[in-house]
file data_12.txt (compact mmCIF, C-alpha atoms)
# COMPACT_ATOMS: atom_id res chain seq x y z
CA MET A 1 -61.03 -76.38 -42.96
CA LYS A 2 -64.78 -75.92 -42.74
CA PRO A 3 -66.78 -77.16 -39.76
CA PRO A 4 -69.10 -80.15 -40.09
CA SER A 5 -72.85 -79.54 -39.86
CA PHE A 6 -74.40 -79.05 -36.46
CA ALA A 7 -77.71 -77.93 -35.03
CA TYR A 8 -77.47 -74.47 -33.48
CA GLU A 9 -79.25 -73.25 -30.39
CA ALA A 10 -78.92 -69.76 -28.96
CA PRO A 11 -80.80 -69.71 -25.65
CA GLU A 12 -81.53 -66.28 -24.20
CA ALA A 13 -81.90 -67.35 -20.57
CA LEU A 14 -79.75 -69.47 -18.28
CA ASP A 15 -82.65 -71.83 -17.53
CA ASP A 16 -83.14 -72.44 -21.26
CA ALA A 17 -79.43 -73.17 -21.70
CA LEU A 18 -79.50 -75.64 -18.80
CA ALA A 19 -82.64 -77.30 -20.19
CA LEU A 20 -80.91 -77.76 -23.55
CA LEU A 21 -77.85 -79.22 -21.84
CA ASP A 22 -80.05 -81.53 -19.81
CA ARG A 23 -81.82 -82.77 -22.93
CA HIS A 24 -78.85 -83.06 -25.30
CA GLY A 25 -76.02 -83.74 -22.84
CA ASP A 26 -73.24 -85.70 -24.49
CA ASP A 27 -74.14 -84.79 -28.07
CA ALA A 28 -73.84 -81.05 -27.48
CA LYS A 29 -70.97 -78.64 -26.95
CA VAL A 30 -71.31 -75.27 -25.29
CA LEU A 31 -70.11 -72.40 -27.49
CA ALA A 32 -68.64 -69.66 -25.29
CA GLY A 33 -65.86 -67.55 -26.84
CA GLY A 34 -65.18 -70.26 -29.41
CA GLN A 35 -61.46 -69.52 -29.68
CA SER A 36 -60.54 -73.16 -28.95
CA LEU A 37 -63.75 -74.91 -29.98
CA VAL A 38 -64.11 -73.38 -33.46
CA PRO A 39 -60.56 -74.33 -34.55
CA LEU A 40 -61.36 -77.89 -33.41
CA LEU A 41 -64.54 -77.77 -35.49
CA ASN A 42 -62.74 -76.26 -38.49
CA PHE A 43 -60.20 -79.11 -38.35
CA ARG A 44 -63.09 -81.53 -37.75
CA LEU A 45 -61.34 -82.81 -34.66
CA ALA A 46 -64.65 -82.27 -32.86
CA ARG A 47 -68.01 -83.18 -34.39
CA PRO A 48 -70.75 -82.30 -31.92
CA ALA A 49 -74.31 -82.80 -33.16
CA ARG A 50 -75.38 -79.55 -31.56
CA LEU A 51 -73.84 -76.28 -30.39
CA ILE A 52 -75.45 -74.40 -27.53
CA ASP A 53 -74.30 -70.79 -27.93
CA ILE A 54 -74.44 -69.06 -24.54
CA ASN A 55 -73.29 -65.64 -25.78
CA GLY A 56 -76.88 -64.41 -25.57
CA VAL A 57 -77.44 -65.61 -21.99
CA PRO A 58 -77.57 -62.55 -19.73
CA GLY A 59 -75.93 -62.29 -16.33
CA LEU A 60 -72.84 -64.40 -16.97
CA ALA A 61 -70.33 -61.61 -17.68
CA SER A 62 -69.53 -59.51 -14.64
CA ILE A 63 -66.67 -58.94 -12.25
CA SER A 64 -67.55 -58.17 -8.65
CA GLU A 65 -66.02 -58.19 -5.19
CA ARG A 66 -67.83 -59.51 -2.14
CA ASP A 67 -66.77 -60.90 1.24
CA GLY A 68 -63.10 -61.15 0.36
CA THR A 69 -63.77 -62.85 -2.95
CA ILE A 70 -63.58 -61.72 -6.56
CA SER A 71 -66.35 -63.33 -8.58
CA ILE A 72 -65.91 -63.44 -12.36
CA GLY A 73 -68.82 -64.57 -14.53
CA ALA A 74 -68.02 -67.44 -16.90
CA MET A 75 -68.68 -65.37 -20.03
CA THR A 76 -66.40 -62.52 -19.00
CA ARG A 77 -64.05 -61.90 -21.93
CA GLN A 78 -60.33 -62.20 -21.40
CA ARG A 79 -59.86 -58.65 -22.67
CA THR A 80 -62.30 -57.39 -20.02
CA ILE A 81 -60.31 -59.21 -17.34
CA GLU A 82 -57.03 -57.86 -18.75
CA THR A 83 -58.25 -54.27 -18.45
CA SER A 84 -60.32 -54.54 -15.25
CA PRO A 85 -59.08 -52.21 -12.47
CA LEU A 86 -60.65 -54.57 -9.91
CA VAL A 87 -58.69 -57.56 -11.22
CA ALA A 88 -55.51 -55.47 -11.45
CA SER A 89 -55.76 -54.46 -7.80
CA ARG A 90 -57.19 -57.65 -6.26
CA ALA A 91 -55.88 -60.45 -8.45
CA PRO A 92 -52.86 -58.99 -10.30
CA LEU A 93 -51.54 -62.47 -11.17
CA LEU A 94 -54.69 -63.07 -13.22
CA ALA A 95 -54.27 -59.75 -15.06
CA ALA A 96 -50.58 -60.46 -15.77
CA ALA A 97 -51.28 -63.96 -17.09
CA THR A 98 -54.14 -62.81 -19.31
CA ARG A 99 -51.72 -60.84 -21.49
CA TRP A 100 -50.10 -64.17 -22.42
CA ILE A 101 -53.30 -65.64 -23.87
CA GLY A 102 -53.21 -65.61 -27.68
CA HIS A 103 -53.48 -62.10 -29.09
CA PRO A 104 -55.81 -59.12 -28.56
CA PRO A 105 -58.43 -60.32 -31.13
CA ILE A 106 -58.46 -63.75 -29.45
CA ARG A 107 -58.92 -62.16 -26.03
CA THR A 108 -61.78 -60.02 -27.36
CA ARG A 109 -63.83 -63.24 -27.67
CA GLY A 110 -62.19 -65.76 -25.33
CA THR A 111 -63.84 -66.23 -21.93
CA ILE A 112 -62.63 -67.36 -18.51
CA GLY A 113 -65.33 -70.04 -18.25
CA GLY A 114 -64.51 -71.39 -21.69
CA SER A 115 -60.80 -71.55 -20.90
CA LEU A 116 -61.53 -73.50 -17.73
CA ALA A 117 -64.04 -75.91 -19.28
CA HIS A 118 -61.66 -76.57 -22.19
CA ASN A 119 -58.76 -77.08 -19.73
CA ASP A 120 -55.94 -77.09 -22.24
CA PRO A 121 -52.83 -78.34 -20.43
CA SER A 122 -50.89 -75.38 -21.87
CA GLY A 123 -53.62 -72.89 -20.97
CA GLU A 124 -52.80 -69.99 -18.67
CA TYR A 125 -56.12 -69.77 -16.79
CA PRO A 126 -56.29 -73.28 -15.27
CA ALA A 127 -52.76 -72.76 -13.93
CA VAL A 128 -53.33 -69.26 -12.61
CA LEU A 129 -56.62 -70.21 -10.98
CA LEU A 130 -54.92 -73.17 -9.31
CA ALA A 131 -52.19 -70.84 -8.01
CA LEU A 132 -54.94 -68.53 -6.71
CA ASP A 133 -56.88 -71.42 -5.11
CA ALA A 134 -60.07 -70.48 -6.97
CA GLN A 135 -63.50 -72.08 -6.73
CA VAL A 136 -65.63 -72.96 -9.74
CA ARG A 137 -69.39 -72.36 -9.54
CA ILE A 138 -71.31 -74.88 -11.63
CA ARG A 139 -75.02 -75.03 -12.45
CA SER A 140 -77.30 -77.65 -13.97
CA GLN A 141 -80.99 -78.43 -13.76
CA ARG A 142 -80.08 -80.66 -10.82
CA GLY A 143 -78.86 -77.60 -8.91
CA GLU A 144 -75.71 -75.67 -8.16
CA ARG A 145 -72.39 -76.84 -6.79
CA VAL A 146 -69.05 -75.25 -6.07
CA LEU A 147 -65.86 -77.19 -6.73
CA GLY A 148 -62.31 -76.33 -5.74
CA ILE A 149 -60.19 -75.76 -8.82
CA ASP A 150 -57.95 -78.73 -8.04
CA ALA A 151 -60.95 -81.09 -8.05
CA PHE A 152 -62.36 -79.41 -11.15
CA LEU A 153 -59.31 -79.88 -13.37
CA GLY A 154 -58.84 -83.30 -14.96
CA GLU A 155 -56.03 -84.55 -17.18
CA TRP A 156 -55.64 -83.78 -20.92
CA LEU A 157 -58.63 -81.48 -21.59
CA SER A 158 -60.96 -83.25 -19.14
CA THR A 159 -62.75 -81.71 -16.17
CA ALA A 160 -65.18 -82.76 -13.46
CA LEU A 161 -67.96 -81.03 -15.41
CA GLY A 162 -70.92 -83.30 -16.18
CA PRO A 163 -72.49 -83.26 -19.66
CA ASP A 164 -75.52 -81.36 -18.31
CA GLU A 165 -73.47 -78.83 -16.34
CA LEU A 166 -72.32 -75.32 -17.10
CA VAL A 167 -69.57 -73.27 -15.44
CA ILE A 168 -71.27 -70.04 -14.43
CA ALA A 169 -68.58 -68.25 -12.40
CA VAL A 170 -65.09 -68.42 -10.99
CA GLU A 171 -64.46 -67.18 -7.46
CA ILE A 172 -61.02 -66.08 -6.37
CA PRO A 173 -60.14 -65.46 -2.71
CA ILE A 174 -58.38 -62.11 -2.36
CA GLY A 175 -56.35 -63.39 0.57
CA SER A 176 -53.54 -61.63 2.38
CA LYS A 177 -52.52 -58.07 1.61
CA HIS A 178 -48.96 -59.26 2.03
CA ALA A 179 -48.91 -61.30 -1.13
CA THR A 180 -46.82 -61.29 -4.26
CA TYR A 181 -46.78 -63.25 -7.47
CA GLY A 182 -44.77 -64.35 -10.48
CA PHE A 183 -45.77 -65.53 -13.94
CA ALA A 184 -43.36 -66.79 -16.58
CA GLU A 185 -43.90 -68.66 -19.82
CA VAL A 186 -41.97 -69.65 -22.91
CA ALA A 187 -43.66 -70.22 -26.27
CA LYS A 188 -42.04 -70.34 -29.70
CA ARG A 189 -43.76 -67.06 -30.56
CA HIS A 190 -45.63 -64.79 -28.17
CA GLY A 191 -49.24 -65.96 -28.10
CA ASP A 192 -48.50 -69.54 -29.16
CA PHE A 193 -49.20 -72.51 -26.92
CA ALA A 194 -46.82 -72.54 -23.96
CA LEU A 195 -43.93 -75.01 -24.17
CA ALA A 196 -43.84 -74.55 -20.41
CA GLY A 197 -45.05 -71.99 -17.93
CA VAL A 198 -45.16 -71.24 -14.21
CA ALA A 199 -47.79 -69.32 -12.25
CA ALA A 200 -47.03 -68.68 -8.59
CA ARG A 201 -48.47 -66.83 -5.66
CA PHE A 202 -46.74 -66.24 -2.34
CA THR A 203 -47.58 -64.60 0.93
CA LEU A 204 -45.00 -62.77 3.01
CA ASP A 205 -44.35 -63.34 6.69
CA GLY A 206 -42.07 -60.47 7.60
CA SER A 207 -38.86 -61.08 5.67
CA HIS A 208 -39.76 -64.76 5.19
CA ILE A 209 -41.87 -66.50 2.58
CA GLY A 210 -45.20 -67.52 4.09
CA ASP A 211 -47.44 -69.67 1.94
CA ALA A 212 -46.36 -70.67 -1.56
CA ARG A 213 -48.41 -72.04 -4.45
CA ILE A 214 -46.29 -72.77 -7.52
CA VAL A 215 -48.03 -74.25 -10.56
CA ALA A 216 -46.46 -75.67 -13.72
CA PHE A 217 -48.31 -75.93 -17.03
CA GLY A 218 -47.53 -76.85 -20.64
CA GLY A 219 -46.31 -80.32 -21.57
CA VAL A 220 -47.89 -81.89 -18.50
CA ALA A 221 -51.31 -83.57 -18.32
CA ARG A 222 -52.82 -80.66 -16.43
CA ALA A 223 -51.81 -77.60 -14.42
CA THR A 224 -49.79 -79.14 -11.58
CA ARG A 225 -48.65 -77.79 -8.23
CA LEU A 226 -44.92 -78.17 -7.65
CA THR A 227 -45.30 -79.05 -3.99
CA ALA A 228 -41.65 -80.04 -3.53
CA ALA A 229 -40.57 -76.57 -4.68
CA GLU A 230 -43.21 -74.96 -2.44
CA ASP A 231 -41.95 -76.96 0.56
CA ALA A 232 -38.36 -75.99 -0.23
CA ILE A 233 -39.04 -72.28 0.13
CA ARG A 234 -41.87 -71.99 2.65
CA GLY A 235 -40.73 -70.17 5.81
CA ARG A 236 -37.37 -69.27 4.30
CA VAL A 237 -35.78 -65.95 3.40
CA PRO A 238 -35.92 -65.37 -0.38
CA ASN A 239 -32.52 -65.24 -2.07
CA GLU A 240 -30.79 -66.67 -5.14
CA THR A 241 -29.51 -69.72 -3.26
CA LEU A 242 -33.05 -70.57 -2.21
CA PHE A 243 -34.34 -69.97 -5.75
CA GLY A 244 -31.75 -72.53 -6.94
CA GLU A 245 -33.13 -75.04 -4.44
CA ALA A 246 -36.64 -74.42 -5.76
CA ASN A 247 -35.36 -74.97 -9.32
CA ARG A 248 -33.86 -78.35 -8.36
CA ALA A 249 -36.96 -79.42 -6.44
CA ALA A 250 -39.21 -78.46 -9.37
CA THR A 251 -37.19 -80.25 -12.04
CA ALA A 252 -36.97 -83.39 -9.90
CA ALA A 253 -40.73 -83.44 -9.44
CA ILE A 254 -42.11 -83.21 -12.98
CA ASP A 255 -41.95 -85.38 -16.05
CA PRO A 256 -43.26 -83.45 -19.09
CA ILE A 257 -43.98 -85.03 -22.45
CA SER A 258 -41.87 -84.89 -25.58
CA ASP A 259 -43.56 -83.81 -28.80
CA LEU A 260 -42.56 -82.13 -32.06
CA HIS A 261 -42.25 -78.77 -30.30
CA ALA A 262 -39.86 -79.72 -27.50
CA THR A 263 -38.41 -82.70 -25.68
CA GLY A 264 -39.57 -83.58 -22.19
CA GLU A 265 -36.02 -83.01 -20.96
CA TYR A 266 -36.01 -79.45 -22.34
CA ARG A 267 -39.43 -78.74 -20.82
CA ARG A 268 -38.25 -80.04 -17.44
CA HIS A 269 -35.16 -77.80 -17.54
CA LEU A 270 -37.30 -74.88 -18.72
CA THR A 271 -39.81 -75.34 -15.90
CA GLY A 272 -37.01 -75.04 -13.33
CA VAL A 273 -35.75 -71.86 -15.01
CA LEU A 274 -39.28 -70.44 -15.08
CA VAL A 275 -39.73 -71.18 -11.36
CA VAL A 276 -36.65 -69.04 -10.72
CA ARG A 277 -37.96 -66.26 -13.01
CA ALA A 278 -41.30 -66.29 -11.20
CA LEU A 279 -39.53 -66.10 -7.82
CA ARG A 280 -37.39 -63.17 -9.02
CA GLN A 281 -40.54 -61.37 -10.21
CA ALA A 282 -42.12 -61.93 -6.83
CA PHE A 283 -39.17 -61.08 -4.59
CA GLY A 284 -36.79 -59.13 -6.83
CA GLU A 285 -33.26 -60.19 -7.63
CA ALA A 286 -32.68 -61.02 -3.98
CA MET B 1 -79.07 -80.43 -39.81
CA ASN B 2 -78.59 -78.25 -42.87
CA THR B 3 -81.22 -75.78 -41.74
CA LEU B 4 -80.76 -72.28 -43.12
CA HIS B 5 -80.82 -69.42 -40.65
CA THR B 6 -81.79 -65.91 -41.60
CA VAL B 7 -79.26 -63.52 -40.09
CA ARG B 8 -79.76 -59.77 -40.01
CA LEU B 9 -76.66 -57.77 -39.18
CA THR B 10 -75.03 -54.44 -39.92
CA VAL B 11 -71.98 -54.44 -42.17
CA ASN B 12 -69.97 -51.24 -42.57
CA GLY B 13 -72.94 -49.24 -41.34
CA THR B 14 -75.47 -50.80 -43.75
CA ALA B 15 -78.16 -53.33 -42.86
CA ALA B 16 -77.53 -56.74 -44.41
CA GLU B 17 -79.27 -60.09 -44.44
CA VAL B 18 -77.87 -63.52 -45.21
CA MET B 19 -79.36 -67.04 -45.28
CA VAL B 20 -76.71 -69.40 -43.97
CA GLU B 21 -76.13 -72.78 -42.42
CA ALA B 22 -75.11 -72.51 -38.78
CA ARG B 23 -71.67 -73.87 -39.63
CA LYS B 24 -70.84 -71.02 -42.00
CA THR B 25 -68.20 -68.76 -40.53
CA LEU B 26 -68.65 -65.01 -40.53
CA ALA B 27 -65.63 -64.79 -42.84
CA ASP B 28 -67.24 -67.07 -45.43
CA ALA B 29 -70.58 -65.27 -45.17
CA LEU B 30 -68.86 -61.91 -45.76
CA ARG B 31 -67.00 -63.25 -48.77
CA GLU B 32 -69.52 -65.59 -50.36
CA ASP B 33 -72.91 -64.19 -49.39
CA LEU B 34 -72.12 -60.47 -49.22
CA GLY B 35 -69.36 -60.33 -51.84
CA LEU B 36 -66.97 -58.60 -49.46
CA THR B 37 -63.83 -60.44 -50.50
CA GLY B 38 -61.48 -57.97 -48.85
CA THR B 39 -61.61 -60.16 -45.73
CA HIS B 40 -58.98 -62.81 -46.42
CA LEU B 41 -58.80 -66.35 -45.08
CA GLY B 42 -55.33 -67.68 -44.40
CA CYS B 43 -55.23 -70.42 -41.79
CA GLU B 44 -58.91 -70.73 -40.83
CA HIS B 45 -58.03 -71.61 -37.26
CA GLY B 46 -57.33 -68.27 -35.66
CA VAL B 47 -53.56 -68.12 -35.98
CA CYS B 48 -52.75 -65.89 -38.97
CA GLY B 49 -54.96 -62.86 -38.37
CA ALA B 50 -55.73 -62.21 -42.08
CA CYS B 51 -59.49 -62.49 -41.44
CA THR B 52 -59.55 -59.93 -38.61
CA VAL B 53 -62.68 -57.75 -38.72
CA LEU B 54 -64.25 -55.37 -36.21
CA PHE B 55 -67.17 -56.88 -34.31
CA ASP B 56 -69.12 -54.24 -32.41
CA GLY B 57 -65.95 -52.17 -32.76
CA ASN B 58 -63.54 -54.78 -31.39
CA PRO B 59 -61.09 -56.84 -33.45
CA VAL B 60 -62.03 -60.52 -33.82
CA ARG B 61 -61.10 -63.48 -36.00
CA SER B 62 -63.98 -63.82 -38.46
CA CYS B 63 -62.92 -67.46 -39.09
CA LEU B 64 -63.68 -68.27 -35.43
CA LEU B 65 -67.13 -66.74 -35.34
CA PHE B 66 -70.20 -68.17 -37.02
CA ALA B 67 -72.32 -65.89 -39.16
CA VAL B 68 -75.36 -66.79 -37.04
CA GLN B 69 -73.56 -65.27 -34.06
CA ALA B 70 -73.43 -61.92 -35.83
CA ALA B 71 -77.22 -61.50 -35.78
CA GLY B 72 -77.97 -58.04 -34.44
CA HIS B 73 -74.30 -57.09 -34.34
CA GLU B 74 -72.19 -54.55 -36.20
CA VAL B 75 -69.35 -55.82 -38.40
CA GLY B 76 -66.65 -53.61 -39.88
CA THR B 77 -64.50 -54.83 -42.78
CA ILE B 78 -61.70 -53.36 -44.87
CA GLU B 79 -64.28 -52.25 -47.45
CA GLY B 80 -65.79 -49.88 -44.89
CA LEU B 81 -62.68 -47.79 -44.27
CA ALA B 82 -62.27 -45.63 -47.37
CA ARG B 83 -64.62 -42.70 -48.01
CA GLY B 84 -65.28 -43.02 -51.72
CA ASP B 85 -61.89 -42.65 -53.40
CA GLU B 86 -60.26 -41.27 -50.29
CA LEU B 87 -58.33 -43.93 -48.40
CA HIS B 88 -58.45 -44.18 -44.63
CA PRO B 89 -55.26 -42.71 -43.09
CA VAL B 90 -54.13 -46.20 -42.05
CA GLN B 91 -54.58 -47.49 -45.61
CA ARG B 92 -52.70 -44.46 -46.97
CA ALA B 93 -49.84 -45.00 -44.51
CA PHE B 94 -49.49 -48.69 -45.45
CA SER B 95 -49.19 -47.55 -49.08
CA GLU B 96 -46.77 -44.69 -48.40
CA PHE B 97 -44.50 -46.65 -46.04
CA HIS B 98 -44.56 -49.88 -48.07
CA GLY B 99 -46.30 -51.83 -45.30
CA LEU B 100 -47.32 -54.52 -47.78
CA GLN B 101 -45.92 -56.56 -50.62
CA CYS B 102 -48.34 -59.27 -51.70
CA GLY B 103 -51.12 -57.69 -49.67
CA PHE B 104 -52.76 -60.89 -48.46
CA CYS B 105 -52.37 -60.13 -44.74
CA THR B 106 -53.02 -56.41 -45.17
CA PRO B 107 -56.78 -56.21 -44.45
CA GLY B 108 -56.23 -57.88 -41.07
CA MET B 109 -53.19 -55.74 -40.35
CA ILE B 110 -55.09 -52.58 -41.16
CA LEU B 111 -58.16 -53.41 -39.08
CA ALA B 112 -55.97 -54.39 -36.12
CA THR B 113 -54.16 -51.06 -36.57
CA VAL B 114 -57.42 -49.10 -36.74
CA ASP B 115 -58.42 -50.65 -33.41
CA LEU B 116 -55.01 -49.96 -31.86
CA LEU B 117 -54.98 -46.29 -32.88
CA GLU B 118 -58.51 -45.78 -31.67
CA HIS B 119 -57.50 -46.81 -28.15
CA THR B 120 -53.84 -45.78 -28.25
CA PRO B 121 -53.37 -42.85 -30.68
CA GLN B 122 -49.60 -42.63 -30.10
CA PRO B 123 -48.49 -46.23 -29.54
CA SER B 124 -44.94 -47.20 -28.64
CA GLU B 125 -43.14 -49.74 -30.81
CA ASP B 126 -43.83 -52.41 -28.16
CA GLU B 127 -47.53 -51.54 -28.15
CA ILE B 128 -47.61 -51.86 -31.95
CA LYS B 129 -45.92 -55.26 -31.73
CA GLU B 130 -48.38 -56.39 -29.06
CA ALA B 131 -51.39 -55.25 -31.11
CA LEU B 132 -50.17 -56.81 -34.37
CA GLY B 133 -48.46 -59.87 -32.85
CA GLY B 134 -51.38 -62.03 -33.93
CA ASN B 135 -51.14 -60.99 -37.59
CA ILE B 136 -48.67 -62.96 -39.68
CA CYS B 137 -46.97 -61.42 -42.74
CA ARG B 138 -44.73 -63.59 -44.91
CA CYS B 139 -43.35 -60.78 -47.12
CA THR B 140 -42.35 -57.62 -45.34
CA GLY B 141 -40.35 -58.73 -42.31
CA TYR B 142 -42.66 -56.44 -40.30
CA GLN B 143 -40.34 -53.39 -40.12
CA LYS B 144 -42.27 -51.56 -42.80
CA ILE B 145 -45.55 -52.48 -41.15
CA ILE B 146 -44.41 -50.96 -37.86
CA GLU B 147 -43.29 -47.82 -39.76
CA SER B 148 -46.70 -47.72 -41.47
CA VAL B 149 -48.50 -47.79 -38.13
CA GLN B 150 -46.25 -45.04 -36.80
CA GLY B 151 -46.87 -43.07 -39.99
CA ALA B 152 -50.62 -43.51 -39.65
CA ALA B 153 -50.48 -42.39 -36.00
CA ALA B 154 -48.56 -39.26 -36.99
CA ALA B 155 -50.89 -38.49 -39.89
CA MET B 156 -53.99 -38.94 -37.76
CA ALA B 157 -52.53 -36.77 -34.99
CA SER B 158 -51.74 -33.94 -37.42
CA GLY B 159 -55.16 -34.39 -39.02
CA LEU B 160 -56.73 -33.85 -35.61
CA ALA B 161 -54.55 -30.81 -34.98
CA LYS B 162 -55.74 -29.08 -38.17

call {"tool": "encode", "arguments": {"input": "data_12.txt", "output": "structure tokens"}}
result
Amino acid sequence: MKPPSFAYEAPEALDDALALLDRHGDDAKVLAGGQSLVPLLNFRLARPARLIDINGVPGLASISERDGTISIGAMTRQRTIETSPLVASRAPLLAAATRWIGHPPIRTRGTIGGSLAHNDPSGEYPAVLLALDAQVRIRSQRGERVLGIDAFLGEWLSTALGPDELVIAVEIPIGSKHATYGFAEVAKRHGDFALAGVAARFTLDGSHIGDARIVAFGGVARATRLTAAEDAIRGRVPNETLFGEANRAATAAIDPISDLHATGEYRRHLTGVLVVRALRQAFGEA
Amino acid sequence: MNTLHTVRLTVNGTAAEVMVEARKTLADALREDLGLTGTHLGCEHGVCGACTVLFDGNPVRSCLLFAVQAAGHEVGTIEGLARGDELHPVQRAFSEFHGLQCGFCTPGMILATVDLLEHTPQPSEDEIKEALGGNICRCTGYQKIIESVQGAAAAMASGLAK
């Protein structure tokens, strides 16, 4: 339960961090909040030759609003996001989901960029950011690029991030004022890895549902949009009958894994139930 | 690879210096290099909460932080709470309300409680559960811990009123 040896770098400027990543690429891991990486090191499930600690890099931890977008620096701590008035008013789904990540001492250290780059299939942030149609700003010595979250997320802890690249910010479109959301998750204990979860964002078109983005996570290879459930409710009037249709469409569409925590069949059933809970949060017990 | 790093930090208000490998966790440096064995290690992967310390005033898992990362930072441990022989009100409440049996989880429980009461002096039962949800106790069944936190909140409120 002690980490293997590694070389430690603590750059104090973004350019220095990118230069280190460029030089050491595949042999290095970036240390952000460390709440997923350090357990992997302690178990010796990961053995990087070098850690590049970016906690001392300035300018990566801020939350700002500009041109209809909320920009959150990669090193912004989950606890900062949880308590940010700007996030609460402009991206309330993100604030609600943050309270489901681990426990307060975990969220003190854990970062949004780290959560995304780690891309745990049971992680809340990849799912929420997919529901919010976020963009990921990525930098390397080769330059900067912006990827849609769907293209960024790979399967089973993988992402589109190159070995020399660093996530520097996440950008969330604020979108319509007439929007609502739901977030529901089941874990064996609060703060444990999700057996299954659903993050969803909807817009309202009068008394009808406008756009719908419903994302399942936990027990699947990556945060996954339940497009069949979205199609089933788009343009319709929210009520319990419709929520039942969304449940059936969701459970027909996904095929979660079985492991020692739960069977795939249970997770599938649970995902349908969580879709209904998220819809009730968003629209009330219609 | 086994390079030693000199780390200067502040522990319980006092300047400290350790020479550590980069892979040494803050928890191990506190215990082995500084002799502060009040910080307990249970799971060593961030789940049990026994190793919770205050890092620049915020609760963190000291098993998930490397000692090198504490350079220039302020660490608060269980040893820093009492004033001489006078226990901190949270420590006194855990004793009075039987918030511990074997005591292994207690340092983490107490530091998480100190942080909670600093931000939320009169927490509801749900707020207590949320704040301590990441601290596992295998003896008490938690009821006495919740009563201890409530007792500490009451004692600190009346202390302020005096």

call {"tool": "residues_near_point", "arguments": {"input": "data_12.txt", "point": "(-60.1, -69.9, -38.3)", "cutoff": "8 Å", "atoms": "all atoms listed in the file", "output": "ChimeraX atom specification"}}
result
/A:38-39,42 /B:41,43-47,61-64

call {"tool": "interface_residues", "arguments": {"input": "data_12.txt", "of": "chain A", "to": "chain B", "cutoff": "6 Å", "atoms": "all atoms listed in the file", "output": "JSON, numbers by chain"}}
result
{"A": [3, 5, 6, 7, 38, 39, 103, 105]}

call {"tool": "atom_distance", "arguments": {"input": "data_12.txt", "atom1": "CA of Gly68 (chain A)", "atom2": "CA of Leu166 (chain A)"}}
result
24.3 Å

call {"tool": "axis_aligned_box", "arguments": {"input": "data_12.txt", "around": "region 43-49 of chain A", "padding_each_side": "4 Å", "output": "JSON"}}
result
{"center_x": -67.3, "center_y": -81.1, "center_z": -35.1, "size_x": 22.1, "size_y": 12.1, "size_z": 14.4}

call {"tool": "closest_residue", "arguments": {"input": "data_12.txt", "among": "B:Ile128, B:Gly80, B:Gln150, B:Tyr142", "to": "Pro104 (chain A)", "atoms": "all atoms listed in the file"}}
result
B:Ile128

call {"tool": "residues_around", "arguments": {"input": "data_12.txt", "residues": "Ser62 (chain A)", "least_positions_apart": "2", "cutoff": "9 Å", "atoms": "only C-alpha atoms", "output": "PDB file with C-alpha atoms, in the coordinates of the input"}}
result
ATOM      1  CA  GLY A  59     -75.930 -62.290 -16.330  1.00  0.00           C
ATOM      2  CA  LEU A  60     -72.840 -64.400 -16.970  1.00  0.00           C
ATOM      3  CA  SER A  64     -67.550 -58.170  -8.650  1.00  0.00           C
ATOM      4  CA  SER A  71     -66.350 -63.330  -8.580  1.00  0.00           C
ATOM      5  CA  ILE A  72     -65.910 -63.440 -12.360  1.00  0.00           C
ATOM      6  CA  GLY A  73     -68.820 -64.570 -14.530  1.00  0.00           C
ATOM      7  CA  ALA A  74     -68.020 -67.440 -16.900  1.00  0.00           C
ATOM      8  CA  MET A  75     -68.680 -65.370 -20.030  1.00  0.00           C
ATOM      9  CA  THR A  76     -66.400 -62.520 -19.000  1.00  0.00           C
TER      10      THR A  76
END

call {"tool": "closest_residue", "arguments": {"input": "data_12.txt", "among": "B:Val149, B:Val114, B:Ile136, B:Val75", "to": "Glu96 (chain B)", "atoms": "only C-alpha atoms"}}
result
B:Val149
